[in-house]
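Q: Handing you this structure, nothing more for now.
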Amino acid sequence: MLTPRFQTVLASAWISKRVAAKYVQEYIKQIREQGKQPEAKREVIAFAPPIQVQVLDVGESASYEALDAINGGEDSLFHARIKQNLVFGVSDGVGGWNESGIDPSVFSRSLTAYSATAAERSFLLHDSDEADPKDIMRRAFASMRYDNIPAYGSATELVVSLSLASGKLRTAQLGDSTYVLLDQKQKARFVSTEQQHRFNMPFQLTIPPISEVPLKPRSEDAKESAQFFRPRPLDDDPKEALRIRKEIDADDFADLSSVGFDAPTDARENTHTMAHNEVVVAATDGLFDNVRVDEVEKLAERFMQAIGKIQNVKDVPALESKATATSDLFGGLAYSIAAQAVANYIQGDLRSPFAERAKLAGYSFTGGKPDDVTVMLAWIKDTSKPDQKISNLSAKL
C-alpha cells in the first residue's frame with residue numbers, strides 16, 4: 001500500500017436556527033442588563049453562540065471514525081474514508097415541508113447517513129483510485145428509495161471527494177449548498193454558485209409522501225431530536241447482495257424526472273487540483289446567504305497566520321503540543337465562520353448576500369436570513385514538503 005502524499009485536517013461546525021435564536025435572546029437580555037449598570041461597572045459580553053465543533057486529522061497513521069449525520073436542525077453533514085480518499089458533504093432539508101407536517105431533518109440526516117455508507121461501499125480497484133462524488137450521491141439516493149424508508153421531503157446536497165494520493169478534489173453539487181476554495185494566501189480562487197430553478201428554489205432531491213392523509217406539524221423541539229434512517233447491512237449471501245446492488249444501480253429516477261423532480265444526475269460536477277496549505281470551505285446556504293466571501297477570507301487569513309506562527313516556533317516542547325495548538329486554531333476558524341453567519345443574520349439592516357440576490361430577482365428584502373448553519377473546512381497538507389506531515393491530532397467534538 002502506497003503512503004498517501006496528502007493529509008488533511010477536517011474541521012466541522014454547526015448550529016441550528018432554534019439553538020441560535022435561544023442564545024441570541026439570552027445575549028440581548030444580558031446586554032440590556034449591562035446597560036442598566038454604571039459605565040464603570042459594565043463588562044464586555046462576548047458573542048459566543050453554542051456552536052458544535054469537530055476537528056479530525058485525516059492522515060496516514062491517524063485514527064479515524066466516520067460521521068454520518070448531526071443534530072443541526074434541518075442541516076446535516078457526513079464524512080467517510082474509502083482507500084486513499086476522504087469524502088465529505090453537507091445537506092439542507094427543505095423547510096417548506098414543515099407546512100405539510102413533514103420534518104425535513106429526517107430526510108437530510110438520512111441522506112447524509114446513506115451518503116457516508118455509499119462512500120465506504122464505493123468499488124475502487126486500486127488504493128489510489130478516486131471516489132466519484134456524483135456516483136456516491138446517486139447510489140445514496142437510490143438506496144434510500146430501494147429501502148423504502150419513510151423519510152419524506154426534500155434536501156439539497158453537496159458531496160466532496162478529496163484524493164489523498166493526488167490532491168485532486170471532485171465535487172457534486174445539487175442545490176444551494178456551495179463551496180469556496182482558498183489559496184495559500186487565503187484568497188478565494190474558486191467560488192461555486194447556487195444551482196437554482198429560480199430565486200430561492202434550489203435543485204433538491206425528493207421523496208414525496210405516499211400518504212395523502214394530512215400530518216400534524218412537528219415542533220422545533222421534536223426536530224432537534226428527530227430520528228433518521230441508516231442503510232441496511234449488506235446481505236450475507238454474496239449473490240443476493242450483488243442482485244440488490246444491481247437493482248439499485250438500475251434506478252434511473254425516471255419516475256421523478258417525469259413529474260419535474262430533480263435527480264442526482266442533475267448534480268453539477270467540478271474537479272480541482274489542490275495545493276499545500278489550501279483550504280476548502282463547504283457549507284449549507286445558512287453560511288453564504290449571510291456571510292460574504294471576503295469576510296470568510298479575512299477570518300481565514302487571521303487564523304491561518306496564527307497557525308503559521310505556531311508552526312515556525314522552534315522551542316515548542318513537543319511536536320504533539322504544536323499539532324494540538326494548530327488543530328485548536330483550525331477548529332476556531334470553523335467556529336468563527338459559523339458564528340459570523342449568526343451574527344450577520346440577526347442584523348435587520350444588513351446588506352446580506354441573500355438580500356442582494358433577492359433584489360436582483362425583483363424582491364424587496366433587507367437584513368440577514370436566519371437559518372441553520374453548517375460549515376466544513378478541509379486544510380490540505382502536502383507531505384512531500386519538508387516538515388509538513390500532520391501529527392496525530394485528537395478528535396474533538
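Residues in the C-alpha cells are named by chain (A, B, ... in the order shown) and by number from 1 within that chain; ligands are numbered from 1 in the order shown.
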Pull the strand (DSSP E) assignments for stretch 75-127 of chain A out of DSSP run on the backbone, and list those residues as JSON, numbers by chain.
A: {"A": [75, 76, 77, 78, 79, 80, 81, 82, 85, 86, 87, 88, 89, 90, 91, 92, 93]}
Q: Save out the residues we just selected, N, CA and C atoms, as an mmCIF file, in the first residue's frame.
A:
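Contents of result38.cif, freshly written:
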```cif
data_model
loop_
_atom_site.group_PDB
_atom_site.id
_atom_site.type_symbol
_atom_site.label_atom_id
_atom_site.label_comp_id
_atom_site.auth_asym_id
_atom_site.auth_seq_id
_atom_site.Cartn_x
_atom_site.Cartn_y
_atom_site.Cartn_z
ATOM 1 N N ASP A 75 -30.276 20.897 8.828
ATOM 2 C CA ASP A 75 -28.990 20.615 8.182
ATOM 3 C C ASP A 75 -28.410 19.296 8.690
ATOM 4 N N SER A 76 -27.548 18.706 7.869
ATOM 5 C CA SER A 76 -26.774 17.555 8.313
ATOM 6 C C SER A 76 -25.458 17.538 7.550
ATOM 7 N N LEU A 77 -24.523 16.706 7.994
ATOM 8 C CA LEU A 77 -23.241 16.550 7.305
ATOM 9 C C LEU A 77 -22.753 15.130 7.487
ATOM 10 N N PHE A 78 -21.724 14.774 6.727
ATOM 11 C CA PHE A 78 -21.091 13.456 6.867
ATOM 12 C C PHE A 78 -19.648 13.542 6.421
ATOM 13 N N HIS A 79 -18.856 12.589 6.869
ATOM 14 C CA HIS A 79 -17.528 12.359 6.289
ATOM 15 C C HIS A 79 -17.191 10.889 6.434
ATOM 16 N N ALA A 80 -16.448 10.362 5.464
ATOM 17 C CA ALA A 80 -16.096 8.941 5.433
ATOM 18 C C ALA A 80 -14.811 8.770 4.632
ATOM 19 N N ARG A 81 -14.127 7.645 4.842
ATOM 20 C CA ARG A 81 -12.921 7.331 4.081
ATOM 21 C C ARG A 81 -13.128 6.064 3.275
ATOM 22 N N ILE A 82 -12.561 6.059 2.068
ATOM 23 C CA ILE A 82 -12.513 4.857 1.243
ATOM 24 C C ILE A 82 -11.146 4.836 0.572
ATOM 25 N N ASN A 85 -9.061 8.136 -0.108
ATOM 26 C CA ASN A 85 -9.995 9.232 -0.381
ATOM 27 C C ASN A 85 -10.717 9.635 0.898
ATOM 28 N N LEU A 86 -10.854 10.924 1.084
ATOM 29 C CA LEU A 86 -11.735 11.470 2.111
ATOM 30 C C LEU A 86 -12.959 12.027 1.395
ATOM 31 N N VAL A 87 -14.134 11.556 1.788
ATOM 32 C CA VAL A 87 -15.381 12.018 1.185
ATOM 33 C C VAL A 87 -16.185 12.719 2.271
ATOM 34 N N PHE A 88 -16.661 13.914 1.995
ATOM 35 C CA PHE A 88 -17.459 14.639 2.985
ATOM 36 C C PHE A 88 -18.506 15.485 2.273
ATOM 37 N N GLY A 89 -19.493 15.928 3.032
ATOM 38 C CA GLY A 89 -20.532 16.719 2.399
ATOM 39 C C GLY A 89 -21.557 17.234 3.384
ATOM 40 N N VAL A 90 -22.430 18.109 2.876
ATOM 41 C CA VAL A 90 -23.481 18.722 3.686
ATOM 42 C C VAL A 90 -24.811 18.591 2.959
ATOM 43 N N SER A 91 -25.891 18.620 3.732
ATOM 44 C CA SER A 91 -27.236 18.545 3.173
ATOM 45 C C SER A 91 -28.145 19.468 3.963
ATOM 46 N N ASP A 92 -29.093 20.080 3.283
ATOM 47 C CA ASP A 92 -30.024 21.023 3.902
ATOM 48 C C ASP A 92 -31.450 20.614 3.561
ATOM 49 N N GLY A 93 -32.200 20.173 4.571
ATOM 50 C CA GLY A 93 -33.595 19.808 4.365
ATOM 51 C C GLY A 93 -34.430 21.024 3.989
#
```
Q: If you take only C-alpha atoms and a cut-off of 8 Å, which residues of stretch 290-350 of chain A touch stretch 2-12 of chain A, and what are their nearest atom pairs and distances in Å to one decimal, in chain and number order, as JSON lines?
A:
```
{"residue": "A:Ser327", "atom": "CA", "partner": "A:Val9", "partner_atom": "CA", "distance": 7.5}
{"residue": "A:Phe330", "atom": "CA", "partner": "A:Ala11", "partner_atom": "CA", "distance": 6.8}
{"residue": "A:Gly331", "atom": "CA", "partner": "A:Ala11", "partner_atom": "CA", "distance": 5.5}
{"residue": "A:Ala334", "atom": "CA", "partner": "A:Ala11", "partner_atom": "CA", "distance": 6.2}
```
Q: Could you save the residues just selected, with C-alpha atoms, as a PDB file, in the first residue's frame?
A:
```
ATOM      1  CA  SER A 327      -5.720  21.921  15.410  1.00  0.00           C
ATOM      2  CA  PHE A 330      -8.287  25.499  12.762  1.00  0.00           C
ATOM      3  CA  GLY A 331     -11.328  24.409  14.741  1.00  0.00           C
ATOM      4  CA  ALA A 334     -14.643  26.818  11.604  1.00  0.00           C
TER       5      ALA A 334
END
```
Q: One decimal, Å: what's the distance from atom CA of A:Pro370 over to atom CA of A:Tyr345, could you say?
A: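 Value for the atom CA of A:Pro370-atom CA of A:Tyr345 distance: 5.4 Å.
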Q: Mind listing the helix (DSSP H, G or I) residues of stretch 156-396 of chain A, per DSSP on the backbone, as a PyMOL selection string?
A: chain A and resi 220-224+238-249+254-257+264-266+285-288+293-312+319-345+353-360
Q: Hey, which of A:Arg198, A:Arg42, A:Arg351, A:Arg232 ends up closest to A:Gly367? Count only C-alpha atoms.
A: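 Nearest to A:Gly367: A:Arg351.
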Q: Using only C-alpha atoms, determine which residues lie at most 10 Å from A:Arg121, disregarding the query and same-chain residues fewer than 2 positions distant; provide the list as a PDB file with N, CA, C and O atoms, in the first residue's frame.
A:
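Output file part.pdb is given in full below:
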```
ATOM      1  N   ARG A  81     -14.127   7.645   4.842  1.00  0.00           N
ATOM      2  CA  ARG A  81     -12.921   7.331   4.081  1.00  0.00           C
ATOM      3  C   ARG A  81     -13.128   6.064   3.275  1.00  0.00           C
ATOM      4  O   ARG A  81     -13.767   5.112   3.720  1.00  0.00           O
ATOM      5  N   ILE A  82     -12.561   6.059   2.068  1.00  0.00           N
ATOM      6  CA  ILE A  82     -12.513   4.857   1.243  1.00  0.00           C
ATOM      7  C   ILE A  82     -11.146   4.836   0.572  1.00  0.00           C
ATOM      8  O   ILE A  82     -10.813   5.743  -0.201  1.00  0.00           O
ATOM      9  N   SER A 115     -25.233   8.572   2.322  1.00  0.00           N
ATOM     10  CA  SER A 115     -24.077   9.028   1.540  1.00  0.00           C
ATOM     11  C   SER A 115     -22.778   8.531   2.149  1.00  0.00           C
ATOM     12  O   SER A 115     -21.849   8.128   1.430  1.00  0.00           O
ATOM     13  N   ALA A 116     -22.680   8.562   3.478  1.00  0.00           N
ATOM     14  CA  ALA A 116     -21.476   8.058   4.138  1.00  0.00           C
ATOM     15  C   ALA A 116     -21.269   6.587   3.826  1.00  0.00           C
ATOM     16  O   ALA A 116     -20.150   6.137   3.509  1.00  0.00           O
ATOM     17  N   THR A 117     -22.354   5.807   3.887  1.00  0.00           N
ATOM     18  CA  THR A 117     -22.244   4.381   3.588  1.00  0.00           C
ATOM     19  C   THR A 117     -21.940   4.145   2.113  1.00  0.00           C
ATOM     20  O   THR A 117     -21.133   3.269   1.769  1.00  0.00           O
ATOM     21  N   ALA A 118     -22.566   4.939   1.240  1.00  0.00           N
ATOM     22  CA  ALA A 118     -22.288   4.796  -0.194  1.00  0.00           C
ATOM     23  C   ALA A 118     -20.822   5.078  -0.488  1.00  0.00           C
ATOM     24  O   ALA A 118     -20.202   4.415  -1.327  1.00  0.00           O
ATOM     25  N   ALA A 119     -20.235   6.047   0.214  1.00  0.00           N
ATOM     26  CA  ALA A 119     -18.818   6.345   0.030  1.00  0.00           C
ATOM     27  C   ALA A 119     -17.965   5.158   0.462  1.00  0.00           C
ATOM     28  O   ALA A 119     -17.047   4.733  -0.250  1.00  0.00           O
ATOM     29  N   PHE A 123     -16.731   0.976  -5.027  1.00  0.00           N
ATOM     30  CA  PHE A 123     -15.828  -0.053  -5.553  1.00  0.00           C
ATOM     31  C   PHE A 123     -14.635   0.637  -6.205  1.00  0.00           C
ATOM     32  O   PHE A 123     -14.752   1.266  -7.257  1.00  0.00           O
ATOM     33  N   LEU A 124     -13.482   0.551  -5.559  1.00  0.00           N
ATOM     34  CA  LEU A 124     -12.241   1.115  -6.084  1.00  0.00           C
ATOM     35  C   LEU A 124     -11.220  -0.008  -6.169  1.00  0.00           C
ATOM     36  O   LEU A 124     -10.912  -0.657  -5.159  1.00  0.00           O
ATOM     37  N   ILE A 136     -21.605   8.629  -5.710  1.00  0.00           N
ATOM     38  CA  ILE A 136     -21.945   8.424  -4.304  1.00  0.00           C
ATOM     39  C   ILE A 136     -23.322   9.016  -4.007  1.00  0.00           C
ATOM     40  O   ILE A 136     -24.163   8.384  -3.348  1.00  0.00           O
ATOM     41  N   ARG A 139     -25.945   6.669  -5.696  1.00  0.00           N
ATOM     42  CA  ARG A 139     -26.185   5.395  -5.011  1.00  0.00           C
ATOM     43  C   ARG A 139     -26.840   5.606  -3.656  1.00  0.00           C
ATOM     44  O   ARG A 139     -27.649   4.786  -3.206  1.00  0.00           O
ATOM     45  N   LEU A 234     -25.250  -5.105   4.438  1.00  0.00           N
ATOM     46  CA  LEU A 234     -25.133  -5.909   3.234  1.00  0.00           C
ATOM     47  C   LEU A 234     -25.604  -7.333   3.505  1.00  0.00           C
ATOM     48  O   LEU A 234     -25.385  -7.881   4.589  1.00  0.00           O
TER      49      LEU A 234
END
```
Q: Hey, what's within 9 Å of A:Leu333 if we count only C-alpha atoms and toss same-chain stuff fewer than 2 positions away? As a list in words, please?
A: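 Listing them by chain and then by number gives Ala11, Leu299, Ala300, Arg302, Phe303, Met304, Asp328, Leu329, Phe330, Gly331, Tyr335, Ser336, Ile337, Ala338 and Leu377 of chain A.
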Q: Emit the selected residues as a PDB file, in the first residue's frame, including N, CA, C and O atoms.
A:
```pdb
ATOM      1  N   ALA A  11     -12.297  20.223   9.781  1.00  0.00           N
ATOM      2  CA  ALA A  11     -12.992  20.901  10.878  1.00  0.00           C
ATOM      3  C   ALA A  11     -14.435  21.173  10.466  1.00  0.00           C
ATOM      4  O   ALA A  11     -14.678  21.742   9.399  1.00  0.00           O
ATOM      5  N   LEU A 299     -11.311  36.116   7.921  1.00  0.00           N
ATOM      6  CA  LEU A 299     -11.221  35.208   9.062  1.00  0.00           C
ATOM      7  C   LEU A 299     -10.155  34.141   8.827  1.00  0.00           C
ATOM      8  O   LEU A 299      -9.352  33.838   9.721  1.00  0.00           O
ATOM      9  N   ALA A 300     -10.133  33.572   7.628  1.00  0.00           N
ATOM     10  CA  ALA A 300      -9.152  32.532   7.309  1.00  0.00           C
ATOM     11  C   ALA A 300      -7.729  33.088   7.381  1.00  0.00           C
ATOM     12  O   ALA A 300      -6.822  32.425   7.902  1.00  0.00           O
ATOM     13  N   ARG A 302      -6.611  35.535   9.223  1.00  0.00           N
ATOM     14  CA  ARG A 302      -6.221  35.762  10.624  1.00  0.00           C
ATOM     15  C   ARG A 302      -5.838  34.451  11.307  1.00  0.00           C
ATOM     16  O   ARG A 302      -4.792  34.368  11.975  1.00  0.00           O
ATOM     17  N   PHE A 303      -6.661  33.423  11.142  1.00  0.00           N
ATOM     18  CA  PHE A 303      -6.389  32.165  11.825  1.00  0.00           C
ATOM     19  C   PHE A 303      -5.212  31.416  11.209  1.00  0.00           C
ATOM     20  O   PHE A 303      -4.394  30.837  11.932  1.00  0.00           O
ATOM     21  N   MET A 304      -5.098  31.423   9.880  1.00  0.00           N
ATOM     22  CA  MET A 304      -4.003  30.690   9.249  1.00  0.00           C
ATOM     23  C   MET A 304      -2.654  31.367   9.505  1.00  0.00           C
ATOM     24  O   MET A 304      -1.623  30.698   9.588  1.00  0.00           O
ATOM     25  N   ASP A 328      -6.476  23.232  17.299  1.00  0.00           N
ATOM     26  CA  ASP A 328      -7.414  24.083  18.025  1.00  0.00           C
ATOM     27  C   ASP A 328      -7.720  25.354  17.236  1.00  0.00           C
ATOM     28  O   ASP A 328      -8.880  25.789  17.170  1.00  0.00           O
ATOM     29  N   LEU A 329      -6.708  25.933  16.644  1.00  0.00           N
ATOM     30  CA  LEU A 329      -6.912  27.163  15.880  1.00  0.00           C
ATOM     31  C   LEU A 329      -7.743  26.912  14.632  1.00  0.00           C
ATOM     32  O   LEU A 329      -8.603  27.718  14.267  1.00  0.00           O
ATOM     33  N   PHE A 330      -7.507  25.793  13.966  1.00  0.00           N
ATOM     34  CA  PHE A 330      -8.287  25.499  12.762  1.00  0.00           C
ATOM     35  C   PHE A 330      -9.744  25.231  13.126  1.00  0.00           C
ATOM     36  O   PHE A 330     -10.665  25.632  12.407  1.00  0.00           O
ATOM     37  N   GLY A 331      -9.963  24.565  14.247  1.00  0.00           N
ATOM     38  CA  GLY A 331     -11.328  24.409  14.741  1.00  0.00           C
ATOM     39  C   GLY A 331     -11.932  25.759  15.094  1.00  0.00           C
ATOM     40  O   GLY A 331     -13.126  25.997  14.877  1.00  0.00           O
ATOM     41  N   TYR A 335     -15.425  27.510  13.800  1.00  0.00           N
ATOM     42  CA  TYR A 335     -16.374  28.112  14.744  1.00  0.00           C
ATOM     43  C   TYR A 335     -16.639  29.572  14.376  1.00  0.00           C
ATOM     44  O   TYR A 335     -17.799  30.020  14.339  1.00  0.00           O
ATOM     45  N   SER A 336     -15.595  30.326  14.099  1.00  0.00           N
ATOM     46  CA  SER A 336     -15.731  31.762  13.837  1.00  0.00           C
ATOM     47  C   SER A 336     -16.522  32.036  12.560  1.00  0.00           C
ATOM     48  O   SER A 336     -17.290  32.998  12.497  1.00  0.00           O
ATOM     49  N   ILE A 337     -16.329  31.194  11.554  1.00  0.00           N
ATOM     50  CA  ILE A 337     -17.086  31.374  10.310  1.00  0.00           C
ATOM     51  C   ILE A 337     -18.574  31.141  10.566  1.00  0.00           C
ATOM     52  O   ILE A 337     -19.425  31.907  10.113  1.00  0.00           O
ATOM     53  N   ALA A 338     -18.894  30.073  11.324  1.00  0.00           N
ATOM     54  CA  ALA A 338     -20.296  29.805  11.639  1.00  0.00           C
ATOM     55  C   ALA A 338     -20.880  30.904  12.522  1.00  0.00           C
ATOM     56  O   ALA A 338     -22.029  31.331  12.334  1.00  0.00           O
ATOM     57  N   LEU A 377     -14.569  22.554   6.830  1.00  0.00           N
ATOM     58  CA  LEU A 377     -13.299  23.061   6.306  1.00  0.00           C
ATOM     59  C   LEU A 377     -12.308  21.914   6.170  1.00  0.00           C
ATOM     60  O   LEU A 377     -12.188  21.082   7.072  1.00  0.00           O
TER      61      LEU A 377
END
```
Q: Ranking A:Ile210, A:Gln186, A:Leu164, A:Asn290 by minimum distance to A:Lys381 and counting only C-alpha atoms, which one comes first?
A: A:Leu164
